[in-house]
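Working notes for the structure below.
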Amino acid sequence: MSATRCPVGAAGGAATDRPDRPDRPDRPALVLRGLKKSFGDVPAVDGVDLEVRQGEFITLLGPSGSGKTTTLRMIAGFTRQSAGTIEIDGVDMSHVPPHRRDVGMIFQNYALFPHMTAAMNIAFPLEMRQASRSEIKRRVAEALALVKLEGLGDRYPRQLSGGQQQRIAFARAVVFHPRLLLMDEPLGALDKKLREALQLEVMHISRQLGATVIYVTHDQEEALVISDRIAIFSRGRIEQLGRGEDLYDRPVSLFVADFIGESNILRGRFERDGDGGWLTLDDSRWRVGAAATARVALDGDRAAALVVRPERLRIVDADDAGAVATAAPAVNSVEASVRDVLYLGSTRKYELTLRDGQAATVRQQVGGDERAWQPGDRVRLAWAVDDGVLVPIRAAEAVSSGDLPARTRA
Amino acid sequence: MTDSWRQPRRLLLLALGALTVFFLMAPTLVVVPMSFTASNALTFPPEGFSTRWYEKMLTDRQWSTGFVNSAQVAFLTAILATALGTLAALGTIRGRFPGRSAVNALILSPLIVPVIIIAIGMFSVFVRWKIAGSFVGLVLAHTALAVPFVVVNVATSLRTMDRNLELAAQSLGAGPVRTFRRITLPLILPGVLAGGLFAFITSWDEVVVSIFLTSARFRTLPVEMWEQVRQVVDPTVAAVSTTLLAVTTTLLVLVFVVRRQPAAR
């Protein structure tokens, strides 16, 4: 995409531009308060609060059944909420039917009208707003140019490829400058290469138009690439809301740590000690930094887990205890043996087994001066205290969550 | 190896199929050669060749009035049943209300209840309403019989149509009525048209209810045939049958053509 701002709608089109809506960046584009939806007795969405700024790109990320799509459908007005309010651009839309919400929606299966050409599809929302014939013509052409499909306006959806269809759907959803742009796994049906290319394009065009986007996906990589902020959904609630880095570096729960990226998880009991504390497991104990304890208000002596990302771990010789101590003053380590070495091109991935049988993963850049280890090597895994993130273990997670088997404790 | 014993089995299957088709078609098709007979009696095989029974059918006032009556009743029935049936299908497929399946069963009940029972019931009520033996009464009766065919056809189209298309239209600013007119109706149109044709055919060759609800002054073609066959067996009946058959067959072929139109992708 070029850096020039696209002129769609910039020159005042009377019928569909909104002169009555001055740019008010201080007013949130979307506010959800206590949003709930239950189907029968089953709560699908169980109290969601969310505030989205003008022009922000927010992704609702979570496993299937976590309530992200139901939340999106309530914002669009397709599903009536059981409780709570929806405010779009300062207007309470909780009980407004979908066709008066002024919200553009993009579906996974494109939902292009098969009996209309691409241009007729894009013209549809403008016709619904009684735009003049000449203005429709101009804006359809601009929208086609925006998605780089000039000249394909006369094609029917079935004559277009999947990627082209989704571009037309995108053009149709933005051509009337909706207050919000909602996308429900829009790239889910496309193959990987095309998906990655379109991710960037969706992101760039949305920024270019200054659109506020609510994007639903279950693909965490896509969420990291595309979003300003990510809301992690679990069991009908937002588990954590933040920038991708926040979620990756400072997850607040085992669920988030496990869902975003790969994690090594050490479970044990936490004991407070000054600003920081210790996580103990049998006869091992690891230092927990002050920053980690400050964020997670944990009392002393309770079940907790230490999360360390694979690229934050270093492998050192098992017998070389001195090397561990000198590597950094505040370093934790744990004994392990190398099980598999996977060469992935730019990185090398080690699968290891800890002394108690748990699995661990380490990622190393290839081409550094790190030593290459062999399967069967007895090693120690070391990490800086500040690279370990402490998360509480809730009762529900005590046995199940995480890719590591739960440890039976005496 | 398998071919050697598959071949005779295939032949057997073909023969069985042909025999079944023959049994189904022969009684119907036998009237066609009979209608071109030169003799005065309704016989098979026909003697000679002539089109005079067709001439008689077209010139005889009783036959031609019956033809016009049937066409008018069937046409109006088709329109009424298509409108009502399409709305009923929309309500039972898209709507969400208690007792939806019960309502659906009620709408489809004319397919199951014996026609003679429907005829007797309608007759007794229509007599009280003073519309027995009238054009309006017959159209209403045939509409009730024809609505299930429209509902079944339209419901099938609605079920195969992508619900997201309607949601997309709504999000783009189309209210329920405009969504139906611009999106839903064009996409289910093949089903609606097929339903309408079925409704026409249902009325066109309906005889049981019609016998009860027509009078000497107002008769449809099948009733006229029924009356004539009971009195004089004249080859004109064969000519009328052939005409009736031709119209029905044409409409059925049309149904298949219409149904093959791509509705949604």
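Chains: A, B, ... in order of the structure tokens. Residues: from 1 per chain. Ligands: from 1, in order shown.
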
Within 12 Å of Thr248 (chain B), counting only C-alpha atoms, which residues qualify if same-chain residues fewer than 2 places away don't, as an mmCIF file with C-alpha atoms, in the first residue's frame?
data_model
loop_
_atom_site.group_PDB
_atom_site.id
_atom_site.type_symbol
_atom_site.label_atom_id
_atom_site.label_comp_id
_atom_site.auth_asym_id
_atom_site.auth_seq_id
_atom_site.Cartn_x
_atom_site.Cartn_y
_atom_site.Cartn_z
ATOM 1 C CA ALA B 71 -56.797 -22.264 -16.158
ATOM 2 C CA ALA B 74 -55.116 -22.751 -11.303
ATOM 3 C CA LEU B 197 -45.629 -24.205 -10.728
ATOM 4 C CA PHE B 198 -46.380 -27.072 -8.376
ATOM 5 C CA ALA B 199 -49.284 -25.063 -6.983
ATOM 6 C CA PHE B 200 -50.601 -24.526 -10.518
ATOM 7 C CA ILE B 201 -50.345 -28.234 -11.317
ATOM 8 C CA THR B 202 -51.983 -29.179 -8.009
ATOM 9 C CA SER B 203 -55.030 -27.110 -8.903
ATOM 10 C CA TRP B 204 -54.923 -27.934 -12.610
ATOM 11 C CA ASP B 205 -55.495 -31.672 -12.234
ATOM 12 C CA GLU B 206 -57.302 -31.727 -8.867
ATOM 13 C CA SER B 241 -56.585 -35.996 -21.319
ATOM 14 C CA THR B 242 -53.727 -35.654 -23.768
ATOM 15 C CA THR B 243 -53.978 -31.874 -23.613
ATOM 16 C CA LEU B 244 -54.052 -31.952 -19.811
ATOM 17 C CA LEU B 245 -51.049 -34.257 -19.823
ATOM 18 C CA ALA B 246 -49.147 -31.989 -22.209
ATOM 19 C CA THR B 250 -44.535 -28.896 -19.787
ATOM 20 C CA LEU B 251 -44.915 -27.308 -16.358
ATOM 21 C CA LEU B 252 -42.957 -30.109 -14.670
ATOM 22 C CA VAL B 253 -40.128 -29.738 -17.171
ATOM 23 C CA LEU B 254 -40.218 -26.022 -16.383
ATOM 24 C CA VAL B 255 -39.904 -26.819 -12.676
#

- Any idea what's packed within 12 Å of Phe180 (chain B), counting only C-alpha atoms, ignoring anything in its chain fewer than 4 positions away? Could you give it as number ranges by chain? B: 86-87, 90, 94, 158, 163, 165-167, 169-170, 174-176, 184-189

- Message: For the structure I just gave you, how does DSSP split region 191-397 of chain A - specifically, which residues are strand (DSSP E or B)? Reply as JSON, numbers by chain.
- Response: {"A": [213, 214, 215, 216, 217, 229, 230, 231, 232, 233, 234, 237, 238, 239, 240, 241, 242, 264, 265, 266, 267, 268, 269, 270, 271, 272, 273, 276, 277, 278, 279, 280, 281, 284, 285, 286, 287, 288, 302, 303, 304, 305, 306, 307, 308, 314, 315, 316, 317, 331, 332, 333, 334, 335, 336, 337, 338, 339, 340, 341, 342, 343, 347, 348, 349, 350, 351, 352, 353, 354, 359, 360, 361, 362, 363, 364, 365, 378, 379, 380, 381, 382, 383, 384, 389, 390, 391, 392]}

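Every protein, DNA or RNA residue with an atom at most 12 Å from Val91 (chain A), where only C-alpha atoms count and chain neighbours fewer than 5 positions away do not, is listed here: A:Arg21, A:Arg27, A:Pro28, A:Ala29, A:Leu30, A:Val31, A:Leu32, A:Thr85, A:Ile86, A:Val96, A:Arg100, A:Arg101, A:Asp102, A:Arg179.
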
- Please return, as a PyMOL selection string, all residues of chain A lying within 10 Å of chain B when only C-alpha atoms are considered. chain A and resi 73+76-78+97-116+121-122+124-129+156-159+169+172-176+178+182

Please produce a file of those selected residues containing N, CA and C atoms, as a short mmCIF file (atom, residue, chain, number, x, y, z; two decimals), in the first residue's frame.
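The resulting again05.cif:
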data_model
loop_
_atom_site.label_atom_id
_atom_site.label_comp_id
_atom_site.auth_asym_id
_atom_site.auth_seq_id
_atom_site.Cartn_x
_atom_site.Cartn_y
_atom_site.Cartn_z
N ARG A 73 -20.99 -10.48 17.44
CA ARG A 73 -22.35 -10.48 16.90
C ARG A 73 -23.28 -9.57 17.70
N ALA A 76 -22.56 -6.10 16.47
CA ALA A 76 -23.19 -5.88 15.17
C ALA A 76 -24.71 -5.77 15.29
N GLY A 77 -25.25 -6.34 16.37
CA GLY A 77 -26.70 -6.30 16.56
C GLY A 77 -27.40 -7.54 16.06
N PHE A 78 -26.65 -8.55 15.65
CA PHE A 78 -27.26 -9.79 15.14
C PHE A 78 -27.80 -10.62 16.29
N PRO A 97 -31.59 -1.85 16.00
CA PRO A 97 -31.44 -2.97 15.06
C PRO A 97 -30.17 -2.80 14.20
N PRO A 98 -29.64 -3.93 13.69
CA PRO A 98 -28.34 -3.89 13.01
C PRO A 98 -28.26 -2.88 11.86
N HIS A 99 -29.37 -2.69 11.10
CA HIS A 99 -29.25 -1.82 9.93
C HIS A 99 -29.17 -0.34 10.30
N ARG A 100 -29.38 -0.02 11.58
CA ARG A 100 -29.23 1.38 11.98
C ARG A 100 -28.00 1.60 12.85
N ARG A 101 -27.13 0.59 12.96
CA ARG A 101 -25.97 0.75 13.83
C ARG A 101 -24.79 1.38 13.10
N ASP A 102 -24.84 1.34 11.78
CA ASP A 102 -23.77 1.95 11.00
C ASP A 102 -22.43 1.27 11.29
N VAL A 103 -22.44 -0.05 11.15
CA VAL A 103 -21.29 -0.86 11.48
C VAL A 103 -21.00 -1.76 10.28
N GLY A 104 -19.78 -1.75 9.78
CA GLY A 104 -19.43 -2.61 8.65
C GLY A 104 -18.97 -3.96 9.15
N MET A 105 -19.38 -5.03 8.46
CA MET A 105 -19.05 -6.37 8.95
C MET A 105 -18.43 -7.18 7.82
N ILE A 106 -17.37 -7.91 8.15
CA ILE A 106 -16.74 -8.79 7.18
C ILE A 106 -16.78 -10.20 7.74
N PHE A 107 -17.28 -11.14 6.90
CA PHE A 107 -17.50 -12.51 7.36
C PHE A 107 -16.39 -13.42 6.84
N GLN A 108 -16.24 -14.56 7.52
CA GLN A 108 -15.22 -15.50 7.08
C GLN A 108 -15.51 -16.03 5.68
N ASN A 109 -16.79 -16.27 5.39
CA ASN A 109 -17.12 -16.81 4.07
C ASN A 109 -17.48 -15.68 3.09
N TYR A 110 -17.00 -14.48 3.36
CA TYR A 110 -17.14 -13.29 2.51
C TYR A 110 -18.56 -12.74 2.46
N ALA A 111 -19.57 -13.63 2.32
CA ALA A 111 -20.98 -13.20 2.27
C ALA A 111 -21.22 -12.14 1.21
N LEU A 112 -20.57 -12.31 0.05
CA LEU A 112 -20.89 -11.43 -1.08
C LEU A 112 -22.21 -11.89 -1.68
N PHE A 113 -23.02 -10.94 -2.14
CA PHE A 113 -24.30 -11.30 -2.74
C PHE A 113 -24.03 -11.94 -4.10
N PRO A 114 -24.36 -13.24 -4.25
CA PRO A 114 -23.95 -13.96 -5.47
C PRO A 114 -24.67 -13.48 -6.72
N HIS A 115 -25.83 -12.82 -6.55
CA HIS A 115 -26.58 -12.38 -7.73
C HIS A 115 -26.22 -10.95 -8.13
N MET A 116 -25.18 -10.41 -7.53
CA MET A 116 -24.75 -9.05 -7.88
C MET A 116 -23.26 -9.08 -8.24
N ASN A 121 -22.23 -5.11 -5.41
CA ASN A 121 -22.06 -5.41 -4.00
C ASN A 121 -21.55 -4.19 -3.24
N ILE A 122 -20.54 -3.53 -3.82
CA ILE A 122 -19.96 -2.38 -3.12
C ILE A 122 -20.95 -1.21 -3.10
N PHE A 124 -24.12 -1.44 -2.81
CA PHE A 124 -25.30 -1.74 -1.98
C PHE A 124 -25.46 -0.83 -0.75
N PRO A 125 -24.43 -0.71 0.10
CA PRO A 125 -24.61 0.16 1.28
C PRO A 125 -24.84 1.62 0.91
N LEU A 126 -24.30 2.06 -0.23
CA LEU A 126 -24.50 3.45 -0.65
C LEU A 126 -25.94 3.64 -1.12
N GLU A 127 -26.47 2.63 -1.84
CA GLU A 127 -27.88 2.70 -2.26
C GLU A 127 -28.80 2.74 -1.05
N MET A 128 -28.47 1.95 -0.04
CA MET A 128 -29.30 1.93 1.17
C MET A 128 -29.32 3.30 1.84
N ARG A 129 -28.27 4.09 1.57
CA ARG A 129 -28.20 5.42 2.17
C ARG A 129 -28.61 6.51 1.19
N TYR A 156 -18.82 -11.37 -11.33
CA TYR A 156 -19.65 -11.90 -10.27
C TYR A 156 -18.76 -12.60 -9.24
N PRO A 157 -19.21 -12.68 -7.99
CA PRO A 157 -18.37 -13.29 -6.95
C PRO A 157 -17.80 -14.65 -7.36
N ARG A 158 -18.62 -15.48 -8.03
CA ARG A 158 -18.13 -16.82 -8.37
C ARG A 158 -17.00 -16.79 -9.39
N GLN A 159 -16.82 -15.61 -10.03
CA GLN A 159 -15.74 -15.50 -11.01
C GLN A 159 -14.46 -14.95 -10.37
N ALA A 169 -15.34 -7.84 -0.32
CA ALA A 169 -16.11 -7.75 0.92
C ALA A 169 -15.56 -6.62 1.79
N ARG A 172 -16.69 -3.33 0.31
CA ARG A 172 -18.11 -3.12 0.58
C ARG A 172 -18.33 -2.67 2.03
N ALA A 173 -17.51 -3.18 2.94
CA ALA A 173 -17.71 -2.86 4.36
C ALA A 173 -17.14 -1.49 4.73
N VAL A 174 -16.21 -0.95 3.92
CA VAL A 174 -15.63 0.34 4.30
C VAL A 174 -16.16 1.50 3.46
N VAL A 175 -16.84 1.19 2.34
CA VAL A 175 -17.19 2.23 1.37
C VAL A 175 -18.14 3.28 1.97
N PHE A 176 -18.89 2.90 2.99
CA PHE A 176 -19.83 3.86 3.58
C PHE A 176 -19.32 4.45 4.89
N PRO A 178 -18.26 3.25 7.94
CA PRO A 178 -18.99 2.89 9.16
C PRO A 178 -18.25 3.39 10.39
N LEU A 182 -16.20 -4.46 11.78
CA LEU A 182 -16.13 -5.72 12.50
C LEU A 182 -15.69 -6.82 11.54
#
